[in-house]
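Enquirer: First the structure, then my questions, so here it is.
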Amino acid sequence: MKKKTEKAHFKEQWDGMESHLKSFIAKGDQEELHLFRVQVKKLGAMLTLLDTGLSKHRLLKDFKPVKLIFKHCGYIRNAYINLQLGVRYKLANEEFVMAQLYNIEKGTSDFQQQAKKYLKIIKNAHSVLIDDLKPIDNDLILEFYKVKMEQIAVTLNNLEFDETLHNCRKQIKTLMYNRKIAQKALIGKLEVNNDYLDKLQSNIGNWHDNVLAIELFSTPEANDKAVVTKIKRQNTRLKKSIAILTLDFRNKATMNREVLKEVQKLK
């Protein structure tokens with residue numbers, strides 16, 4: 001991949017991240033916070049790929065200050081998600097709802113008070129990273145994808161519904177986030193089935209969301225056994241769907257034409 005292409009993609013993703021952060025600071029809008037966090041994940045995925053082309057892996061290290069801002073946002077985002085779950089499952093617990101609203105408002109206010117510091121961190125991180133970007137050979141990109149695919153395949157061949165599956169989803173999303181800049185390196189050598197990977201990561205994400213929801217509604221603060229039972233039933237169905245979807249992962253994920261019809265039926 002040419003350095004010019006690399007820098008252009010980096011700039012596009014970085015500008016998007018910075019724009020969403022500034023918008024959240026100005027308005028406190030939850031969607032802007034979510035989009036900022038998505039952009040951080042996309043940049044992290046890109047830097048993970050680019051680090052494979054360096055003798056010393058330093059890009060992700062330089063990105064760490066931004067990830068700390070991401071983590072701060074996570075506390076606010078979690079409270080918002082908890083609130084949304086309460087609405088979705090019609091949780092009749094005013095104390096729980098008020099606690100989440102407080103966490104959102106207090107978290108947002110605290111974040112906005114640190115806005116100047118956070119924007120400076122973003123600016124400094126950009127200056128360091130843009131200087132450290134180096135072109136990565138297409139063969140290294142291809143090898144990166146092959147290794148990740150194999151790691152995912154090994155995990156799914158020994159399917160366990162635990163944190164390893166959640167981490168597997170992160171690896172899948174790393175491949176998906178990088179598909180634009182990796183496309184030329186993969187043409188004719190590794191034909192990735194993005195639709196299948198997207199379906200798989202989405203199902204795993206829904207399963208993990210349910211796991212967190214079960215934990216939430218089992219706490220003394222929420223404590224709703226009826227809701228927990230309902231979510232567990234949903235997760236039983238999701239587990240079956242994921243188990244079927246992950247069968248023969250290598251062929252499905254690499255666009256083996258013989259299994260494409262089978263994959264389509266699962267959508």
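If you're wondering about the labels, chains in the structure tokens are A, B, ... by order shown, residues count from 1 in each chain, ligands from 1 in order shown.
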Among segment 150-266 of chain A, which residues does DSSP mark as alpha helix (DSSP H) when it is run on the backbone? Keep the chain and numbering as in the structure and answer as a ChimeraX atom specification.
Expert: /A:150-157,163-177,179-186,194-217,225-245,249-253,260-265
Enquirer: Mind dumping the selected residues with C-alpha atoms as an mmCIF file, in the first residue's frame?
Expert:
data_model
loop_
_atom_site.group_PDB
_atom_site.id
_atom_site.type_symbol
_atom_site.label_atom_id
_atom_site.label_comp_id
_atom_site.auth_asym_id
_atom_site.auth_seq_id
_atom_site.Cartn_x
_atom_site.Cartn_y
_atom_site.Cartn_z
ATOM 1 C CA GLU A 150 -6.588 -18.722 11.064
ATOM 2 C CA GLN A 151 -6.725 -17.414 14.634
ATOM 3 C CA ILE A 152 -10.465 -16.826 14.283
ATOM 4 C CA ALA A 153 -10.957 -20.279 12.729
ATOM 5 C CA VAL A 154 -9.149 -21.982 15.615
ATOM 6 C CA THR A 155 -11.329 -20.153 18.153
ATOM 7 C CA LEU A 156 -14.550 -21.017 16.327
ATOM 8 C CA ASN A 157 -13.543 -24.660 15.839
ATOM 9 C CA GLU A 163 -14.790 -14.035 26.611
ATOM 10 C CA THR A 164 -12.789 -15.814 23.884
ATOM 11 C CA LEU A 165 -15.781 -15.486 21.542
ATOM 12 C CA HIS A 166 -16.087 -11.774 22.343
ATOM 13 C CA ASN A 167 -12.375 -11.345 21.549
ATOM 14 C CA CYS A 168 -12.910 -13.298 18.343
ATOM 15 C CA ARG A 169 -15.500 -10.709 17.324
ATOM 16 C CA LYS A 170 -12.937 -7.958 17.867
ATOM 17 C CA GLN A 171 -10.550 -9.746 15.492
ATOM 18 C CA ILE A 172 -13.289 -10.047 12.870
ATOM 19 C CA LYS A 173 -14.044 -6.336 13.166
ATOM 20 C CA THR A 174 -10.344 -5.529 12.782
ATOM 21 C CA LEU A 175 -10.439 -7.266 9.403
ATOM 22 C CA MET A 176 -13.646 -5.521 8.415
ATOM 23 C CA TYR A 177 -12.485 -2.060 9.441
ATOM 24 C CA ARG A 179 -11.080 -3.863 4.184
ATOM 25 C CA LYS A 180 -10.890 -0.559 2.274
ATOM 26 C CA ILE A 181 -7.126 -0.163 2.562
ATOM 27 C CA ALA A 182 -6.444 -3.915 2.301
ATOM 28 C CA GLN A 183 -8.553 -4.493 -0.804
ATOM 29 C CA LYS A 184 -5.802 -4.179 -3.425
ATOM 30 C CA ALA A 185 -3.436 -6.426 -1.484
ATOM 31 C CA LEU A 186 -6.066 -9.184 -1.263
ATOM 32 C CA ASN A 194 -17.451 -9.459 4.087
ATOM 33 C CA ASP A 195 -21.208 -10.118 4.199
ATOM 34 C CA TYR A 196 -20.638 -13.364 6.054
ATOM 35 C CA LEU A 197 -18.158 -11.818 8.482
ATOM 36 C CA ASP A 198 -20.547 -8.950 9.159
ATOM 37 C CA LYS A 199 -23.415 -11.345 9.864
ATOM 38 C CA LEU A 200 -21.203 -13.408 12.170
ATOM 39 C CA GLN A 201 -19.834 -10.475 14.168
ATOM 40 C CA SER A 202 -23.331 -9.009 14.474
ATOM 41 C CA ASN A 203 -24.710 -12.234 15.950
ATOM 42 C CA ILE A 204 -21.792 -12.533 18.347
ATOM 43 C CA GLY A 205 -22.296 -8.898 19.320
ATOM 44 C CA ASN A 206 -25.983 -9.506 20.049
ATOM 45 C CA TRP A 207 -25.078 -12.545 22.158
ATOM 46 C CA HIS A 208 -22.529 -10.528 24.150
ATOM 47 C CA ASP A 209 -24.971 -7.645 24.616
ATOM 48 C CA ASN A 210 -27.438 -10.133 26.063
ATOM 49 C CA VAL A 211 -24.819 -11.506 28.429
ATOM 50 C CA LEU A 212 -24.207 -7.973 29.738
ATOM 51 C CA ALA A 213 -27.953 -7.354 29.969
ATOM 52 C CA ILE A 214 -28.398 -10.520 32.034
ATOM 53 C CA GLU A 215 -25.656 -9.333 34.380
ATOM 54 C CA LEU A 216 -27.273 -5.895 34.611
ATOM 55 C CA PHE A 217 -30.777 -7.146 35.390
ATOM 56 C CA LYS A 225 -35.977 -12.135 37.201
ATOM 57 C CA ALA A 226 -38.667 -12.054 34.505
ATOM 58 C CA VAL A 227 -36.476 -9.941 32.220
ATOM 59 C CA VAL A 228 -33.456 -12.170 32.883
ATOM 60 C CA THR A 229 -35.472 -15.250 31.927
ATOM 61 C CA LYS A 230 -36.631 -13.579 28.705
ATOM 62 C CA ILE A 231 -33.097 -12.595 27.693
ATOM 63 C CA LYS A 232 -31.773 -16.069 28.461
ATOM 64 C CA ARG A 233 -34.337 -17.552 26.075
ATOM 65 C CA GLN A 234 -33.210 -15.117 23.383
ATOM 66 C CA ASN A 235 -29.614 -16.071 23.971
ATOM 67 C CA THR A 236 -30.360 -19.769 23.659
ATOM 68 C CA ARG A 237 -31.656 -19.113 20.148
ATOM 69 C CA LEU A 238 -28.682 -16.870 19.343
ATOM 70 C CA LYS A 239 -26.210 -19.516 20.460
ATOM 71 C CA LYS A 240 -27.769 -22.049 18.101
ATOM 72 C CA SER A 241 -27.611 -19.532 15.250
ATOM 73 C CA ILE A 242 -23.954 -18.755 15.949
ATOM 74 C CA ALA A 243 -23.073 -22.451 16.207
ATOM 75 C CA ILE A 244 -24.573 -23.087 12.757
ATOM 76 C CA LEU A 245 -23.054 -19.941 11.261
ATOM 77 C CA PHE A 249 -15.695 -20.949 8.888
ATOM 78 C CA ARG A 250 -12.640 -21.073 6.601
ATOM 79 C CA ASN A 251 -14.690 -21.789 3.476
ATOM 80 C CA LYS A 252 -17.472 -19.361 4.314
ATOM 81 C CA ALA A 253 -15.122 -16.525 5.265
ATOM 82 C CA LEU A 260 -22.253 -19.238 -0.647
ATOM 83 C CA LYS A 261 -25.834 -20.474 -1.111
ATOM 84 C CA GLU A 262 -25.705 -22.039 2.333
ATOM 85 C CA VAL A 263 -24.489 -18.762 3.853
ATOM 86 C CA GLN A 264 -27.256 -16.811 2.132
ATOM 87 C CA LYS A 265 -29.867 -19.040 3.750
#
Enquirer: Against segment 32-39 of chain A, which residues of segment 48-116 of chain A fall within 10 Å? For each one I want the closest pair of atoms and the distance in Å (one decimal), counting only C-alpha atoms, rows by chain and increasing residue number, as CSV.
Expert:
residue,atom,partner,partner_atom,distance
A:Lys67,CA,A:Arg37,CA,9.2
A:Ile69,CA,A:Arg37,CA,9.3
A:Phe70,CA,A:Arg37,CA,6.2
A:Lys71,CA,A:Arg37,CA,9.1
A:Cys73,CA,A:Leu33,CA,7.2
A:Gly74,CA,A:Arg37,CA,8.3
A:Ile76,CA,A:Leu33,CA,8.8
A:Arg77,CA,A:His34,CA,7.3
A:Thr108,CA,A:Leu33,CA,9.9
Enquirer: Pick out the residues sitting within 12 Å of Phe10 of chain A, and hand them over as number ranges by chain; count only C-alpha atoms, and ignore anything fewer than 2 positions along from it in its own chain.
Expert: A: 3-8, 12-17, 39-40, 42-47, 50, 126, 129-134, 178, 180-181
Enquirer: Take the residues from that selection and write them out as a PDB file, in the first residue's frame, keeping N, CA and C atoms.
Expert:
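Output saved as again35.pdb:
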ATOM      1  N   LYS A   3       2.188   5.019   0.586  1.00  0.00           N
ATOM      2  CA  LYS A   3       2.119   5.887   1.761  1.00  0.00           C
ATOM      3  C   LYS A   3       1.059   6.974   1.572  1.00  0.00           C
ATOM      4  N   LYS A   4       0.904   7.453   0.337  1.00  0.00           N
ATOM      5  CA  LYS A   4      -0.079   8.485   0.051  1.00  0.00           C
ATOM      6  C   LYS A   4      -1.492   7.978   0.352  1.00  0.00           C
ATOM      7  N   THR A   5      -1.779   6.760  -0.065  1.00  0.00           N
ATOM      8  CA  THR A   5      -3.089   6.143   0.190  1.00  0.00           C
ATOM      9  C   THR A   5      -3.300   5.935   1.683  1.00  0.00           C
ATOM     10  N   GLU A   6      -2.243   5.471   2.318  1.00  0.00           N
ATOM     11  CA  GLU A   6      -2.273   5.212   3.765  1.00  0.00           C
ATOM     12  C   GLU A   6      -2.584   6.485   4.540  1.00  0.00           C
ATOM     13  N   LYS A   7      -1.881   7.561   4.209  1.00  0.00           N
ATOM     14  CA  LYS A   7      -2.076   8.827   4.925  1.00  0.00           C
ATOM     15  C   LYS A   7      -3.447   9.425   4.659  1.00  0.00           C
ATOM     16  N   ALA A   8      -3.935   9.264   3.427  1.00  0.00           N
ATOM     17  CA  ALA A   8      -5.251   9.807   3.085  1.00  0.00           C
ATOM     18  C   ALA A   8      -6.344   9.101   3.893  1.00  0.00           C
ATOM     19  N   GLU A  12      -8.725  10.747   6.831  1.00  0.00           N
ATOM     20  CA  GLU A  12     -10.185  10.661   6.754  1.00  0.00           C
ATOM     21  C   GLU A  12     -10.769  10.127   8.062  1.00  0.00           C
ATOM     22  N   GLN A  13     -10.165   9.060   8.579  1.00  0.00           N
ATOM     23  CA  GLN A  13     -10.657   8.461   9.819  1.00  0.00           C
ATOM     24  C   GLN A  13     -10.406   9.382  11.018  1.00  0.00           C
ATOM     25  N   TRP A  14      -9.249  10.018  11.048  1.00  0.00           N
ATOM     26  CA  TRP A  14      -8.903  10.897  12.171  1.00  0.00           C
ATOM     27  C   TRP A  14      -9.807  12.126  12.199  1.00  0.00           C
ATOM     28  N   ASP A  15     -10.021  12.731  11.024  1.00  0.00           N
ATOM     29  CA  ASP A  15     -10.883  13.921  10.957  1.00  0.00           C
ATOM     30  C   ASP A  15     -12.298  13.589  11.427  1.00  0.00           C
ATOM     31  N   GLY A  16     -12.775  12.385  11.055  1.00  0.00           N
ATOM     32  CA  GLY A  16     -14.097  11.954  11.488  1.00  0.00           C
ATOM     33  C   GLY A  16     -14.159  11.808  12.996  1.00  0.00           C
ATOM     34  N   MET A  17     -13.126  11.191  13.555  1.00  0.00           N
ATOM     35  CA  MET A  17     -13.061  11.007  15.009  1.00  0.00           C
ATOM     36  C   MET A  17     -13.078  12.354  15.732  1.00  0.00           C
ATOM     37  N   GLN A  39     -15.060   5.517  15.583  1.00  0.00           N
ATOM     38  CA  GLN A  39     -13.883   5.990  14.849  1.00  0.00           C
ATOM     39  C   GLN A  39     -12.580   5.612  15.558  1.00  0.00           C
ATOM     40  N   VAL A  40     -12.595   5.646  16.877  1.00  0.00           N
ATOM     41  CA  VAL A  40     -11.406   5.227  17.636  1.00  0.00           C
ATOM     42  C   VAL A  40     -11.115   3.754  17.356  1.00  0.00           C
ATOM     43  N   LYS A  42     -11.926   2.083  14.650  1.00  0.00           N
ATOM     44  CA  LYS A  42     -11.451   1.963  13.270  1.00  0.00           C
ATOM     45  C   LYS A  42      -9.983   2.354  13.156  1.00  0.00           C
ATOM     46  N   LEU A  43      -9.611   3.423  13.832  1.00  0.00           N
ATOM     47  CA  LEU A  43      -8.210   3.851  13.815  1.00  0.00           C
ATOM     48  C   LEU A  43      -7.327   2.835  14.516  1.00  0.00           C
ATOM     49  N   GLY A  44      -7.795   2.284  15.618  1.00  0.00           N
ATOM     50  CA  GLY A  44      -7.041   1.252  16.321  1.00  0.00           C
ATOM     51  C   GLY A  44      -6.797   0.040  15.442  1.00  0.00           C
ATOM     52  N   ALA A  45      -7.827  -0.340  14.674  1.00  0.00           N
ATOM     53  CA  ALA A  45      -7.701  -1.477  13.761  1.00  0.00           C
ATOM     54  C   ALA A  45      -6.669  -1.186  12.672  1.00  0.00           C
ATOM     55  N   MET A  46      -6.704   0.022  12.137  1.00  0.00           N
ATOM     56  CA  MET A  46      -5.747   0.408  11.095  1.00  0.00           C
ATOM     57  C   MET A  46      -4.318   0.379  11.625  1.00  0.00           C
ATOM     58  N   LEU A  47      -4.124   0.928  12.815  1.00  0.00           N
ATOM     59  CA  LEU A  47      -2.783   0.981  13.394  1.00  0.00           C
ATOM     60  C   LEU A  47      -2.278  -0.421  13.751  1.00  0.00           C
ATOM     61  N   LEU A  50      -0.959  -1.641  10.472  1.00  0.00           N
ATOM     62  CA  LEU A  50       0.267  -0.941  10.073  1.00  0.00           C
ATOM     63  C   LEU A  50       1.455  -1.301  10.958  1.00  0.00           C
ATOM     64  N   HIS A 126      -1.983  12.971  17.100  1.00  0.00           N
ATOM     65  CA  HIS A 126      -1.987  13.036  15.633  1.00  0.00           C
ATOM     66  C   HIS A 126      -0.608  13.424  15.105  1.00  0.00           C
ATOM     67  N   LEU A 129       1.733  10.383  15.435  1.00  0.00           N
ATOM     68  CA  LEU A 129       1.376   9.268  14.567  1.00  0.00           C
ATOM     69  C   LEU A 129       1.620   9.564  13.096  1.00  0.00           C
ATOM     70  N   ILE A 130       1.284  10.763  12.660  1.00  0.00           N
ATOM     71  CA  ILE A 130       1.441  11.091  11.244  1.00  0.00           C
ATOM     72  C   ILE A 130       2.908  11.044  10.833  1.00  0.00           C
ATOM     73  N   ASP A 131       3.800  11.351  11.761  1.00  0.00           N
ATOM     74  CA  ASP A 131       5.236  11.289  11.479  1.00  0.00           C
ATOM     75  C   ASP A 131       5.752   9.855  11.447  1.00  0.00           C
ATOM     76  N   ASP A 132       5.074   8.955  12.185  1.00  0.00           N
ATOM     77  CA  ASP A 132       5.532   7.570  12.302  1.00  0.00           C
ATOM     78  C   ASP A 132       4.947   6.637  11.244  1.00  0.00           C
ATOM     79  N   LEU A 133       3.956   7.119  10.479  1.00  0.00           N
ATOM     80  CA  LEU A 133       3.342   6.256   9.470  1.00  0.00           C
ATOM     81  C   LEU A 133       4.355   5.870   8.400  1.00  0.00           C
ATOM     82  N   LYS A 134       4.406   4.604   8.109  1.00  0.00           N
ATOM     83  CA  LYS A 134       5.301   4.080   7.065  1.00  0.00           C
ATOM     84  C   LYS A 134       4.485   3.194   6.135  1.00  0.00           C
ATOM     85  N   ASN A 178     -10.523  -2.723   8.172  1.00  0.00           N
ATOM     86  CA  ASN A 178      -9.378  -2.494   7.283  1.00  0.00           C
ATOM     87  C   ASN A 178      -9.630  -2.876   5.835  1.00  0.00           C
ATOM     88  N   LYS A 180     -11.092  -1.572   3.319  1.00  0.00           N
ATOM     89  CA  LYS A 180     -10.890  -0.559   2.274  1.00  0.00           C
ATOM     90  C   LYS A 180      -9.419  -0.441   1.892  1.00  0.00           C
ATOM     91  N   ILE A 181      -8.548  -0.346   2.881  1.00  0.00           N
ATOM     92  CA  ILE A 181      -7.126  -0.163   2.562  1.00  0.00           C
ATOM     93  C   ILE A 181      -6.437  -1.480   2.221  1.00  0.00           C
TER      94      ILE A 181
END
Enquirer: So which one's closest to Lys22 of chain A, A:Ile136, A:Ala115, A:Leu190, A:Leu142? Using only C-alpha atoms, please.
Expert: A:Ala115
Enquirer: So what do you get for atom CA of Ser109 of chain A versus atom CA of Arg88 of chain A, distance-wise?
Expert: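 One can read the atom CA of Ser109 of chain A to atom CA of Arg88 of chain A distance as 25.9 Å.
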Enquirer: Would you list the contacts of Leu83 of chain A as a list in words, taking every protein, DNA or RNA residue within 12 Å and counting only C-alpha atoms, but skipping same-chain residues closer than 6 positions in sequence?
Expert: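 Non-adjacent residues within range: Ile76, Arg77, Tyr89, Lys90, Leu91, Ala92, Asn93, Glu94, Glu95, Phe96, Val97, Met98, Ala99, Gln100, Leu101, Tyr102, Asn103, Ile104, Ala213, Leu216, Phe217 and Ala222 of chain A.
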Enquirer: Using only C-alpha atoms, which of A:Glu191, A:Asp62, A:Glu143, A:Glu160 sits nearest Val128 of chain A?
Expert: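 With only C-alpha atoms as the atom set, the closest residue is A:Asp62.
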Enquirer: Tell me which of A:Val192, A:Asn82, A:Asn223, A:Phe111 sits closest to Ala26 of chain A, counting only C-alpha atoms.
Expert: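 Of A:Val192, A:Asn82, A:Asn223, A:Phe111, the one nearest Ala26 of chain A, counting only C-alpha atoms, is A:Phe111.
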